[in-house]
Structure formats: C-alpha cells, structure tokens
Amino acid sequence: AQSVTQLGSHVSVSEGALVLLRCNYSSSVPPYLFWYVQYPNQGLQLLLKYTSAATLVKGINGFEAEFKKSETSFHLTKPSAHMSDAAEYFCAVSKYGNKLVFGAGTILRVKS
Amino acid sequence: SQTIHQWPATLVQPVGSPLSLECTVEGTSNPNLYWYRQAAGRGLQLLFYSVGIGQISSEVPQNLSASRPQDRQFILSSKKLLLSDSGFYLCAWSGSYEETQYFGPGTRLLVL
C-alpha cells in the first residue's frame, strides 16, 4: 500500500537560507509524487509533480524536488528562502483509483 | 482554464443542525471530484470521491454524506452536525484519467 512520511512537522530557516523539506514514500508500483503548498485558510496549491519523466522536477516559486528511487525519497528544496514561503507543505503519492495519499504536512517558518 | 469554487467560505453552525457545502468546477467535463477534511493539527482526510454523476464512494464511516447531482457539482451534507465535524473542508477535482488533483479555496466549519 502506498504511504508517505514527512520528516519534521515544523522546519525553521532564516531568510536567504536553503529550504529542505523531507518526504519518503512507500509504493509497490512506480509512483506519481506531488508537493502541495497551503497558505493559512486557503486550499492546497500544486507546487510540482513527478510522473516518471526527469528525476529532477522544477516547480513554481523556485522550488524543485528530486526523485531518488534507491532512497524512496522525494525531498523538496529551494536555494534561498523568502518570507513568502512560510506555509504548510504536503507531500503526496498516487494511490490506485486516482486517489492521493498525503503526508502529515510540514510547517515552514522563515525567520527574518 | 479550469476553476473550482466552494461556498460558503465560513460557516458557524449549532450542534444538531443540518449542513450543506457546495463545490462546483468550471472549464472541464466529467471530472473526478473529492471531499477532504482537515482538522486542526492534522493532515488531510479523504471523505468521499466521485467518478461520475450519482457515483459516490465513501472512504470513512461518519456523520456526513455526499451527492453529485450534476457533472461538475459536488455537495457535502449532514442531517445533524456533531462537534467533531468542525474543520476545514476542501473540495478537489482531477481529470478522468489523471492523478493530479486541484483544490478549491475551502470552507471553514465551526460547530458549536
């Protein structure tokens, strides 16, 4: 069965520092993987997705993620954090029947 | 382009009262539709999904029900609200044979 683990429910970085949000997945078949961002009191916005093409996926707002099959990971990174990146981030893996399994989320705090 | 609407944005209801939340999608046909709940401090819980008019699958037993009276309309209902029904309700859609889900702005429900 597919599952997702996000390491760290809260991550704090300084403005301008590297952002690294961790996601490990479990899937019995080659997965589709997603990162979503949620700002307070808003819906989820798709940041990027991996669909078995290039292993390095670039998304919106300067984020990217690398699919590593050997590590079953799909970590999200951004070279330089901005105050506007403060939000909650969710990793998700596709499940059969067009359903997604979401991780518990990681709240990113950006310090000035 | 496709858009997804939810209303109301915020709702305060007494325990035991009925509930009706509406979600509509524009710019696409025959979408898959999903209802999620996000309780405070918890991740996303898939409540219902639908692959077509009148076709509803329930993911977890609960005090809620869903209906899809039209192709692009998805309704979440309850006959009698419980305190535990409080949360942030998100509707999402995906293409018929696609995994990527796109979320609406959400409805904040507070049951008192």
# chains A, B, ... in the order shown; residues from 1 in each chain; ligands from 1

$ interface_residues --of "chain A" --to "chain B" --cutoff "8 Å" --atoms "only C-alpha atoms" --output "VMD selection string"
chain A and resid 32 41 to 46 94 98 to 100 102 to 105

$ write_last_selection --atoms "all heavy atoms" --output "CSV table (one decimal), in the first residue's frame"
chain,number,residue,atom,x,y,z
A,32,TYR,N,3.5,8.2,-8.8
A,32,TYR,CA,3.5,9.6,-9.1
A,32,TYR,C,3.6,10.3,-7.7
A,32,TYR,O,2.9,9.9,-6.8
A,32,TYR,CB,2.1,10.0,-9.8
A,32,TYR,CG,2.0,9.6,-11.2
A,32,TYR,CD1,3.0,8.7,-11.8
A,32,TYR,CD2,1.0,10.0,-12.0
A,32,TYR,CE1,2.9,8.3,-13.1
A,32,TYR,CE2,0.8,9.6,-13.3
A,32,TYR,CZ,1.8,8.8,-13.9
A,32,TYR,OH,1.7,8.4,-15.2
A,41,ASN,N,-5.6,29.3,5.8
A,41,ASN,CA,-7.0,29.4,5.4
A,41,ASN,C,-7.3,29.4,3.9
A,41,ASN,O,-8.2,30.1,3.4
A,41,ASN,CB,-7.6,30.7,6.0
A,41,ASN,CG,-7.7,30.6,7.5
A,41,ASN,OD1,-8.2,29.7,8.1
A,41,ASN,ND2,-7.2,31.7,8.2
A,42,GLN,N,-6.4,28.7,3.2
A,42,GLN,CA,-6.5,28.6,1.8
A,42,GLN,C,-6.5,27.1,1.4
A,42,GLN,O,-6.1,26.3,2.2
A,42,GLN,CB,-5.5,29.4,1.0
A,42,GLN,CG,-5.5,30.9,1.2
A,42,GLN,CD,-4.5,31.6,0.4
A,42,GLN,OE1,-4.1,31.1,-0.7
A,42,GLN,NE2,-4.1,32.8,0.8
A,43,GLY,N,-6.9,26.8,0.2
A,43,GLY,CA,-6.8,25.5,-0.3
A,43,GLY,C,-5.3,25.1,-0.7
A,43,GLY,O,-4.4,25.9,-0.5
A,44,LEU,N,-5.1,23.9,-1.1
A,44,LEU,CA,-3.8,23.5,-1.5
A,44,LEU,C,-3.5,23.9,-2.9
A,44,LEU,O,-4.3,23.7,-3.8
A,44,LEU,CB,-3.7,21.9,-1.4
A,44,LEU,CG,-3.4,21.4,0.0
A,44,LEU,CD1,-4.5,21.6,1.0
A,44,LEU,CD2,-3.0,19.9,-0.1
A,45,GLN,N,-2.2,24.3,-3.1
A,45,GLN,CA,-1.8,24.7,-4.5
A,45,GLN,C,-0.7,23.7,-4.9
A,45,GLN,O,0.3,23.5,-4.1
A,45,GLN,CB,-1.3,26.1,-4.4
A,45,GLN,CG,-0.7,26.6,-5.7
A,45,GLN,CD,-0.2,28.0,-5.7
A,45,GLN,OE1,-0.1,28.6,-4.6
A,45,GLN,NE2,0.1,28.6,-6.8
A,46,LEU,N,-0.8,23.2,-6.1
A,46,LEU,CA,0.2,22.3,-6.6
A,46,LEU,C,1.6,23.0,-6.8
A,46,LEU,O,1.6,24.0,-7.6
A,46,LEU,CB,-0.2,21.7,-7.9
A,46,LEU,CG,0.7,20.7,-8.6
A,46,LEU,CD1,0.9,19.4,-7.7
A,46,LEU,CD2,0.2,20.3,-10.0
A,94,SER,N,0.5,9.0,-5.4
A,94,SER,CA,-0.8,8.5,-6.0
A,94,SER,C,-1.1,7.1,-5.6
A,94,SER,O,-0.2,6.3,-5.4
A,94,SER,CB,-0.7,8.5,-7.5
A,94,SER,OG,0.4,7.7,-8.0
A,98,ASN,N,-7.0,6.8,-8.9
A,98,ASN,CA,-6.9,8.3,-8.9
A,98,ASN,C,-7.0,9.0,-7.6
A,98,ASN,O,-7.4,10.1,-7.5
A,98,ASN,CB,-8.0,8.9,-9.9
A,98,ASN,CG,-7.9,8.4,-11.3
A,98,ASN,OD1,-8.7,7.6,-11.7
A,98,ASN,ND2,-6.8,8.7,-11.9
A,99,LYS,N,-6.7,8.3,-6.5
A,99,LYS,CA,-6.7,8.9,-5.2
A,99,LYS,C,-5.2,9.2,-4.8
A,99,LYS,O,-4.3,8.5,-5.2
A,99,LYS,CB,-7.3,8.0,-4.2
A,99,LYS,CG,-8.9,7.8,-4.4
A,99,LYS,CD,-9.5,7.0,-3.4
A,99,LYS,CE,-9.3,5.5,-3.6
A,99,LYS,NZ,-10.0,4.7,-2.6
A,100,LEU,N,-5.1,10.2,-3.9
A,100,LEU,CA,-3.8,10.5,-3.4
A,100,LEU,C,-3.7,10.2,-1.9
A,100,LEU,O,-4.7,10.3,-1.2
A,100,LEU,CB,-3.5,12.0,-3.6
A,100,LEU,CG,-3.4,12.5,-5.0
A,100,LEU,CD1,-3.2,14.0,-5.0
A,100,LEU,CD2,-2.4,11.8,-5.8
A,102,PHE,N,-1.7,11.6,1.3
A,102,PHE,CA,-1.0,12.7,1.8
A,102,PHE,C,-0.1,12.4,3.0
A,102,PHE,O,-0.6,11.7,3.9
A,102,PHE,CB,-1.9,13.9,2.1
A,102,PHE,CG,-2.5,14.5,0.8
A,102,PHE,CD1,-3.6,14.0,0.2
A,102,PHE,CD2,-1.8,15.6,0.3
A,102,PHE,CE1,-4.1,14.6,-0.9
A,102,PHE,CE2,-2.4,16.2,-0.9
A,102,PHE,CZ,-3.5,15.7,-1.5
A,103,GLY,N,1.0,13.1,3.1
A,103,GLY,CA,1.8,13.1,4.3
A,103,GLY,C,1.1,14.0,5.3
A,103,GLY,O,0.1,14.7,5.0
A,104,ALA,N,1.6,14.0,6.6
A,104,ALA,CA,1.0,14.8,7.6
A,104,ALA,C,1.3,16.3,7.5
A,104,ALA,O,0.7,17.1,8.2
A,104,ALA,CB,1.5,14.3,9.0
A,105,GLY,N,2.2,16.7,6.6
A,105,GLY,CA,2.5,18.1,6.4
A,105,GLY,C,3.7,18.6,7.2
A,105,GLY,O,4.0,18.1,8.3

$ select_by_dssp --residues "chain B" --states "strand (DSSP E or B)" --output "MDAnalysis selection string"
chainID B and resid 3:7 10:13 19:26 32:38 44:52 55:58 65:70 73:78 87:94 102:103 107:111

$ residues_around --residues "region 67-74 of chain B" --least-positions-apart "5" --cutoff "9 Å" --atoms "only C-alpha atoms" --output "mmCIF file with N, CA and C atoms, in the first residue's frame"
data_model
loop_
_atom_site.group_PDB
_atom_site.id
_atom_site.type_symbol
_atom_site.label_atom_id
_atom_site.label_comp_id
_atom_site.auth_asym_id
_atom_site.auth_seq_id
_atom_site.Cartn_x
_atom_site.Cartn_y
_atom_site.Cartn_z
ATOM 1 N N LEU B 21 -22.622 21.856 2.032
ATOM 2 C CA LEU B 21 -21.497 22.569 1.423
ATOM 3 C C LEU B 21 -21.472 22.233 -0.057
ATOM 4 N N GLU B 22 -21.198 23.246 -0.860
ATOM 5 C CA GLU B 22 -21.264 23.038 -2.298
ATOM 6 C C GLU B 22 -19.918 23.298 -2.961
ATOM 7 N N CYS B 23 -19.649 22.523 -3.974
ATOM 8 C CA CYS B 23 -18.427 22.649 -4.761
ATOM 9 C C CYS B 23 -18.803 22.544 -6.231
ATOM 10 N N THR B 24 -18.313 23.480 -7.032
ATOM 11 C CA THR B 24 -18.547 23.394 -8.469
ATOM 12 C C THR B 24 -17.237 23.619 -9.218
ATOM 13 N N VAL B 25 -17.130 22.967 -10.343
ATOM 14 C CA VAL B 25 -15.945 23.065 -11.192
ATOM 15 C C VAL B 25 -16.365 23.618 -12.544
ATOM 16 N N GLU B 26 -15.544 24.507 -13.074
ATOM 17 C CA GLU B 26 -15.797 25.068 -14.392
ATOM 18 C C GLU B 26 -14.645 24.750 -15.332
ATOM 19 N N THR B 28 -14.153 22.110 -17.411
ATOM 20 C CA THR B 28 -13.782 20.720 -17.669
ATOM 21 C C THR B 28 -15.042 19.863 -17.656
ATOM 22 N N SER B 29 -14.930 18.677 -18.222
ATOM 23 C CA SER B 29 -16.071 17.766 -18.243
ATOM 24 C C SER B 29 -15.701 16.444 -17.595
ATOM 25 N N ASN B 30 -16.681 15.836 -16.952
ATOM 26 C CA ASN B 30 -16.530 14.521 -16.337
ATOM 27 C C ASN B 30 -15.316 14.437 -15.420
ATOM 28 N N PRO B 31 -15.151 15.408 -14.531
ATOM 29 C CA PRO B 31 -14.001 15.329 -13.624
ATOM 30 C C PRO B 31 -14.236 14.311 -12.523
ATOM 31 N N ASN B 32 -13.159 13.830 -11.933
ATOM 32 C CA ASN B 32 -13.264 13.141 -10.649
ATOM 33 C C ASN B 32 -13.345 14.238 -9.586
ATOM 34 N N LEU B 33 -14.174 14.018 -8.577
ATOM 35 C CA LEU B 33 -14.362 15.025 -7.532
ATOM 36 C C LEU B 33 -14.111 14.409 -6.168
ATOM 37 N N TYR B 34 -13.576 15.201 -5.257
ATOM 38 C CA TYR B 34 -13.154 14.704 -3.955
ATOM 39 C C TYR B 34 -13.563 15.690 -2.863
ATOM 40 N N TRP B 35 -13.936 15.147 -1.694
ATOM 41 C CA TRP B 35 -14.105 15.945 -0.487
ATOM 42 C C TRP B 35 -13.083 15.475 0.543
ATOM 43 N N SER B 50 -15.858 10.856 -6.243
ATOM 44 C CA SER B 50 -16.873 10.538 -7.240
ATOM 45 C C SER B 50 -16.253 10.551 -8.630
ATOM 46 N N GLY B 52 -18.368 10.067 -11.324
ATOM 47 C CA GLY B 52 -19.431 10.434 -12.239
ATOM 48 C C GLY B 52 -20.704 10.774 -11.492
ATOM 49 N N ILE B 53 -21.678 11.276 -12.232
ATOM 50 C CA ILE B 53 -22.955 11.671 -11.632
ATOM 51 C C ILE B 53 -23.564 10.491 -10.874
ATOM 52 N N GLY B 54 -23.949 10.748 -9.630
ATOM 53 C CA GLY B 54 -24.593 9.717 -8.828
ATOM 54 C C GLY B 54 -23.684 8.637 -8.305
ATOM 55 N N GLN B 55 -22.394 8.704 -8.627
ATOM 56 C CA GLN B 55 -21.431 7.682 -8.194
ATOM 57 C C GLN B 55 -20.577 8.249 -7.074
ATOM 58 N N ILE B 56 -20.807 7.757 -5.851
ATOM 59 C CA ILE B 56 -20.119 8.271 -4.674
ATOM 60 C C ILE B 56 -19.469 7.108 -3.944
ATOM 61 N N CYS B 91 -12.593 20.759 -1.304
ATOM 62 C CA CYS B 91 -13.048 20.032 -2.478
ATOM 63 C C CYS B 91 -11.903 20.045 -3.491
#

$ residues_around --residues "Glu66 (chain A)" --least-positions-apart "2" --cutoff "7 Å" --atoms "only C-alpha atoms" --output "PyMOL selection string"
chain A and resi 55-57+64+68+74-75

$ write_last_selection --atoms "N, CA, C and O atoms" --output "compact mmCIF listing (two decimals), in the first residue's frame"
# COMPACT_ATOMS: atom_id res chain seq x y z
N THR A 55 14.05 12.96 -13.26
CA THR A 55 14.05 12.75 -11.80
C THR A 55 14.15 14.05 -11.03
O THR A 55 13.75 14.10 -9.87
N LEU A 56 14.67 15.11 -11.65
CA LEU A 56 14.70 16.42 -11.01
C LEU A 56 13.54 17.23 -11.58
O LEU A 56 13.49 17.49 -12.77
N VAL A 57 12.64 17.59 -10.71
CA VAL A 57 11.43 18.27 -11.13
C VAL A 57 11.45 19.70 -10.63
O VAL A 57 11.69 19.94 -9.44
N GLU A 64 12.13 22.95 -6.22
CA GLU A 64 12.38 21.76 -7.01
C GLU A 64 12.47 20.55 -6.10
O GLU A 64 12.64 20.68 -4.88
N LYS A 68 14.44 10.04 -5.89
CA LYS A 68 15.52 9.08 -5.71
C LYS A 68 14.92 7.72 -5.36
O LYS A 68 14.53 7.48 -4.20
N PHE A 74 11.64 11.94 -2.00
CA PHE A 74 11.21 13.00 -2.93
C PHE A 74 11.26 14.30 -2.14
O PHE A 74 10.25 14.93 -1.88
N HIS A 75 12.47 14.71 -1.76
CA HIS A 75 12.65 15.89 -0.92
C HIS A 75 12.47 17.18 -1.73
O HIS A 75 12.89 17.27 -2.89

$ residues_around --residues "Val110 (chain A)" --least-positions-apart "2" --cutoff "10 Å" --atoms "only C-alpha atoms" --output "PDB file with all heavy atoms, in the first residue's frame"
ATOM      1  N   VAL A  11       9.675  23.088  10.371  1.00  0.00           N
ATOM      2  CA  VAL A  11      11.021  23.429   9.939  1.00  0.00           C
ATOM      3  C   VAL A  11      11.165  24.936   9.967  1.00  0.00           C
ATOM      4  O   VAL A  11      10.277  25.651   9.480  1.00  0.00           O
ATOM      5  CB  VAL A  11      11.313  22.887   8.522  1.00  0.00           C
ATOM      6  CG1 VAL A  11      12.622  23.435   7.994  1.00  0.00           C
ATOM      7  CG2 VAL A  11      11.339  21.362   8.517  1.00  0.00           C
ATOM      8  N   SER A  12      12.264  25.414  10.524  1.00  0.00           N
ATOM      9  CA  SER A  12      12.513  26.841  10.617  1.00  0.00           C
ATOM     10  C   SER A  12      13.831  27.169   9.928  1.00  0.00           C
ATOM     11  O   SER A  12      14.850  26.519  10.190  1.00  0.00           O
ATOM     12  CB  SER A  12      12.568  27.276  12.089  1.00  0.00           C
ATOM     13  OG  SER A  12      12.738  28.660  12.184  1.00  0.00           O
ATOM     14  N   VAL A  13      13.801  28.153   9.027  1.00  0.00           N
ATOM     15  CA  VAL A  13      15.007  28.579   8.328  1.00  0.00           C
ATOM     16  C   VAL A  13      15.067  30.091   8.348  1.00  0.00           C
ATOM     17  O   VAL A  13      14.044  30.763   8.504  1.00  0.00           O
ATOM     18  CB  VAL A  13      15.046  28.077   6.868  1.00  0.00           C
ATOM     19  CG1 VAL A  13      14.996  26.554   6.820  1.00  0.00           C
ATOM     20  CG2 VAL A  13      13.920  28.682   6.051  1.00  0.00           C
ATOM     21  N   SER A  14      16.257  30.620   8.154  1.00  0.00           N
ATOM     22  CA  SER A  14      16.421  32.059   8.026  1.00  0.00           C
ATOM     23  C   SER A  14      16.174  32.482   6.584  1.00  0.00           C
ATOM     24  O   SER A  14      16.382  31.700   5.649  1.00  0.00           O
ATOM     25  CB  SER A  14      17.825  32.480   8.446  1.00  0.00           C
ATOM     26  OG  SER A  14      18.061  32.159   9.806  1.00  0.00           O
ATOM     27  N   GLU A  15      15.731  33.692   6.428  1.00  0.00           N
ATOM     28  CA  GLU A  15      15.524  34.227   5.084  1.00  0.00           C
ATOM     29  C   GLU A  15      16.843  34.164   4.315  1.00  0.00           C
ATOM     30  O   GLU A  15      17.901  34.539   4.835  1.00  0.00           O
ATOM     31  CB  GLU A  15      15.026  35.666   5.158  1.00  0.00           C
ATOM     32  CG  GLU A  15      14.518  36.215   3.839  1.00  0.00           C
ATOM     33  CD  GLU A  15      13.882  37.583   4.004  1.00  0.00           C
ATOM     34  OE1 GLU A  15      14.122  38.244   5.027  1.00  0.00           O
ATOM     35  OE2 GLU A  15      13.090  37.994   3.117  1.00  0.00           O
ATOM     36  N   GLY A  16      16.794  33.651   3.086  1.00  0.00           N
ATOM     37  CA  GLY A  16      18.004  33.504   2.281  1.00  0.00           C
ATOM     38  C   GLY A  16      18.678  32.162   2.413  1.00  0.00           C
ATOM     39  O   GLY A  16      19.564  31.820   1.613  1.00  0.00           O
ATOM     40  N   ALA A  17      18.302  31.372   3.400  1.00  0.00           N
ATOM     41  CA  ALA A  17      18.906  30.060   3.620  1.00  0.00           C
ATOM     42  C   ALA A  17      18.237  28.995   2.773  1.00  0.00           C
ATOM     43  O   ALA A  17      17.139  29.188   2.243  1.00  0.00           O
ATOM     44  CB  ALA A  17      18.831  29.682   5.096  1.00  0.00           C
ATOM     45  N   VAL A  19      16.137  25.836   1.837  1.00  0.00           N
ATOM     46  CA  VAL A  19      14.961  25.138   2.352  1.00  0.00           C
ATOM     47  C   VAL A  19      15.056  23.675   1.933  1.00  0.00           C
ATOM     48  O   VAL A  19      15.282  23.372   0.754  1.00  0.00           O
ATOM     49  CB  VAL A  19      13.656  25.737   1.791  1.00  0.00           C
ATOM     50  CG1 VAL A  19      12.443  24.912   2.253  1.00  0.00           C
ATOM     51  CG2 VAL A  19      13.497  27.192   2.209  1.00  0.00           C
ATOM     52  N   ALA A  81      15.418  30.887   0.853  1.00  0.00           N
ATOM     53  CA  ALA A  81      14.069  31.068   1.402  1.00  0.00           C
ATOM     54  C   ALA A  81      13.656  32.529   1.392  1.00  0.00           C
ATOM     55  O   ALA A  81      14.468  33.435   1.650  1.00  0.00           O
ATOM     56  CB  ALA A  81      14.004  30.525   2.822  1.00  0.00           C
ATOM     57  N   HIS A  82      12.392  32.724   1.136  1.00  0.00           N
ATOM     58  CA  HIS A  82      11.803  34.061   1.179  1.00  0.00           C
ATOM     59  C   HIS A  82      10.688  34.053   2.214  1.00  0.00           C
ATOM     60  O   HIS A  82      10.072  33.020   2.476  1.00  0.00           O
ATOM     61  CB  HIS A  82      11.249  34.415  -0.205  1.00  0.00           C
ATOM     62  CG  HIS A  82      10.861  35.844  -0.366  1.00  0.00           C
ATOM     63  ND1 HIS A  82       9.602  36.307  -0.050  1.00  0.00           N
ATOM     64  CD2 HIS A  82      11.569  36.917  -0.788  1.00  0.00           C
ATOM     65  CE1 HIS A  82       9.538  37.604  -0.276  1.00  0.00           C
ATOM     66  NE2 HIS A  82      10.720  37.995  -0.716  1.00  0.00           N
ATOM     67  N   MET A  83      10.439  35.205   2.780  1.00  0.00           N
ATOM     68  CA  MET A  83       9.397  35.294   3.812  1.00  0.00           C
ATOM     69  C   MET A  83       8.068  34.744   3.302  1.00  0.00           C
ATOM     70  O   MET A  83       7.299  34.124   4.048  1.00  0.00           O
ATOM     71  CB  MET A  83       9.211  36.726   4.276  1.00  0.00           C
ATOM     72  CG  MET A  83      10.434  37.333   4.960  1.00  0.00           C
ATOM     73  SD  MET A  83      10.862  36.449   6.478  1.00  0.00           S
ATOM     74  CE  MET A  83       9.511  36.945   7.532  1.00  0.00           C
ATOM     75  N   SER A  84       7.799  34.943   2.029  1.00  0.00           N
ATOM     76  CA  SER A  84       6.527  34.498   1.462  1.00  0.00           C
ATOM     77  C   SER A  84       6.428  32.973   1.334  1.00  0.00           C
ATOM     78  O   SER A  84       5.357  32.454   1.001  1.00  0.00           O
ATOM     79  CB  SER A  84       6.309  35.130   0.089  1.00  0.00           C
ATOM     80  OG  SER A  84       7.347  34.747  -0.796  1.00  0.00           O
ATOM     81  N   ASP A  85       7.526  32.257   1.596  1.00  0.00           N
ATOM     82  CA  ASP A  85       7.492  30.796   1.535  1.00  0.00           C
ATOM     83  C   ASP A  85       6.903  30.170   2.798  1.00  0.00           C
ATOM     84  O   ASP A  85       6.656  28.965   2.834  1.00  0.00           O
ATOM     85  CB  ASP A  85       8.902  30.238   1.319  1.00  0.00           C
ATOM     86  CG  ASP A  85       9.487  30.626  -0.024  1.00  0.00           C
ATOM     87  OD1 ASP A  85       8.714  30.721  -1.003  1.00  0.00           O
ATOM     88  OD2 ASP A  85      10.712  30.850  -0.093  1.00  0.00           O
ATOM     89  N   ALA A  86       6.699  30.977   3.823  1.00  0.00           N
ATOM     90  CA  ALA A  86       6.131  30.457   5.068  1.00  0.00           C
ATOM     91  C   ALA A  86       4.732  29.918   4.816  1.00  0.00           C
ATOM     92  O   ALA A  86       3.836  30.646   4.377  1.00  0.00           O
ATOM     93  CB  ALA A  86       6.098  31.559   6.118  1.00  0.00           C
ATOM     94  N   ALA A  87       4.559  28.633   5.053  1.00  0.00           N
ATOM     95  CA  ALA A  87       3.300  27.947   4.734  1.00  0.00           C
ATOM     96  C   ALA A  87       3.431  26.508   5.213  1.00  0.00           C
ATOM     97  O   ALA A  87       4.448  26.114   5.795  1.00  0.00           O
ATOM     98  CB  ALA A  87       3.040  27.981   3.233  1.00  0.00           C
ATOM     99  N   ILE A 107       5.189  22.367   8.458  1.00  0.00           N
ATOM    100  CA  ILE A 107       5.027  23.811   8.524  1.00  0.00           C
ATOM    101  C   ILE A 107       6.397  24.460   8.424  1.00  0.00           C
ATOM    102  O   ILE A 107       7.288  24.183   9.230  1.00  0.00           O
ATOM    103  CB  ILE A 107       4.324  24.216   9.831  1.00  0.00           C
ATOM    104  CG1 ILE A 107       2.882  23.676   9.838  1.00  0.00           C
ATOM    105  CG2 ILE A 107       4.315  25.733   9.983  1.00  0.00           C
ATOM    106  CD1 ILE A 107       2.153  23.891  11.146  1.00  0.00           C
ATOM    107  N   LEU A 108       6.549  25.314   7.426  1.00  0.00           N
ATOM    108  CA  LEU A 108       7.808  26.025   7.218  1.00  0.00           C
ATOM    109  C   LEU A 108       7.710  27.426   7.787  1.00  0.00           C
ATOM    110  O   LEU A 108       6.816  28.191   7.429  1.00  0.00           O
ATOM    111  CB  LEU A 108       8.141  26.096   5.724  1.00  0.00           C
ATOM    112  CG  LEU A 108       9.381  26.919   5.355  1.00  0.00           C
ATOM    113  CD1 LEU A 108      10.642  26.254   5.913  1.00  0.00           C
ATOM    114  CD2 LEU A 108       9.490  27.094   3.849  1.00  0.00           C
ATOM    115  N   SER A 112      13.308  36.331   9.753  1.00  0.00           N
ATOM    116  CA  SER A 112      13.988  37.468   9.128  1.00  0.00           C
ATOM    117  C   SER A 112      15.313  37.780   9.818  1.00  0.00           C
ATOM    118  O   SER A 112      15.587  37.271  10.904  1.00  0.00           O
ATOM    119  CB  SER A 112      13.090  38.701   9.188  1.00  0.00           C
ATOM    120  OG  SER A 112      12.774  38.999  10.533  1.00  0.00           O
TER     121      SER A 112
END

$ decode --residues "region 3-19 of chain A" --atoms "N, CA and C atoms" --output "PDB file, in the first residue's frame"
ATOM      1  N   SER A   3       2.168   4.908   0.929  1.00  0.00           N
ATOM      2  CA  SER A   3       2.159   5.778   2.104  1.00  0.00           C
ATOM      3  C   SER A   3       3.244   6.825   1.953  1.00  0.00           C
ATOM      4  N   VAL A   4       3.131   7.878   2.743  1.00  0.00           N
ATOM      5  CA  VAL A   4       4.074   8.985   2.691  1.00  0.00           C
ATOM      6  C   VAL A   4       4.456   9.392   4.105  1.00  0.00           C
ATOM      7  N   THR A   5       5.742   9.614   4.324  1.00  0.00           N
ATOM      8  CA  THR A   5       6.237  10.102   5.603  1.00  0.00           C
ATOM      9  C   THR A   5       6.981  11.407   5.387  1.00  0.00           C
ATOM     10  N   GLN A   6       6.540  12.437   6.087  1.00  0.00           N
ATOM     11  CA  GLN A   6       7.242  13.715   6.043  1.00  0.00           C
ATOM     12  C   GLN A   6       7.993  13.873   7.359  1.00  0.00           C
ATOM     13  N   LEU A   7       9.283  13.999   7.270  1.00  0.00           N
ATOM     14  CA  LEU A   7      10.116  14.094   8.463  1.00  0.00           C
ATOM     15  C   LEU A   7      10.165  15.546   8.934  1.00  0.00           C
ATOM     16  N   GLY A   8       9.692  15.761  10.144  1.00  0.00           N
ATOM     17  CA  GLY A   8       9.690  17.109  10.697  1.00  0.00           C
ATOM     18  C   GLY A   8       8.361  17.782  10.466  1.00  0.00           C
ATOM     19  N   SER A   9       7.593  17.936  11.529  1.00  0.00           N
ATOM     20  CA  SER A   9       6.314  18.624  11.388  1.00  0.00           C
ATOM     21  C   SER A   9       6.506  20.134  11.288  1.00  0.00           C
ATOM     22  N   HIS A  10       7.649  20.628  11.806  1.00  0.00           N
ATOM     23  CA  HIS A  10       7.982  22.049  11.733  1.00  0.00           C
ATOM     24  C   HIS A  10       9.444  22.195  11.316  1.00  0.00           C
ATOM     25  N   VAL A  11       9.675  23.088  10.371  1.00  0.00           N
ATOM     26  CA  VAL A  11      11.021  23.429   9.939  1.00  0.00           C
ATOM     27  C   VAL A  11      11.165  24.936   9.967  1.00  0.00           C
ATOM     28  N   SER A  12      12.264  25.414  10.524  1.00  0.00           N
ATOM     29  CA  SER A  12      12.513  26.841  10.617  1.00  0.00           C
ATOM     30  C   SER A  12      13.831  27.169   9.928  1.00  0.00           C
ATOM     31  N   VAL A  13      13.801  28.153   9.027  1.00  0.00           N
ATOM     32  CA  VAL A  13      15.007  28.579   8.328  1.00  0.00           C
ATOM     33  C   VAL A  13      15.067  30.091   8.348  1.00  0.00           C
ATOM     34  N   SER A  14      16.257  30.620   8.154  1.00  0.00           N
ATOM     35  CA  SER A  14      16.421  32.059   8.026  1.00  0.00           C
ATOM     36  C   SER A  14      16.174  32.482   6.584  1.00  0.00           C
ATOM     37  N   GLU A  15      15.731  33.692   6.428  1.00  0.00           N
ATOM     38  CA  GLU A  15      15.524  34.227   5.084  1.00  0.00           C
ATOM     39  C   GLU A  15      16.843  34.164   4.315  1.00  0.00           C
ATOM     40  N   GLY A  16      16.794  33.651   3.086  1.00  0.00           N
ATOM     41  CA  GLY A  16      18.004  33.504   2.281  1.00  0.00           C
ATOM     42  C   GLY A  16      18.678  32.162   2.413  1.00  0.00           C
ATOM     43  N   ALA A  17      18.302  31.372   3.400  1.00  0.00           N
ATOM     44  CA  ALA A  17      18.906  30.060   3.620  1.00  0.00           C
ATOM     45  C   ALA A  17      18.237  28.995   2.773  1.00  0.00           C
ATOM     46  N   LEU A  18      18.904  27.857   2.676  1.00  0.00           N
ATOM     47  CA  LEU A  18      18.369  26.729   1.932  1.00  0.00           C
ATOM     48  C   LEU A  18      17.145  26.154   2.633  1.00  0.00           C
ATOM     49  N   VAL A  19      16.137  25.836   1.837  1.00  0.00           N
ATOM     50  CA  VAL A  19      14.961  25.138   2.352  1.00  0.00           C
ATOM     51  C   VAL A  19      15.056  23.675   1.933  1.00  0.00           C
TER      52      VAL A  19
END
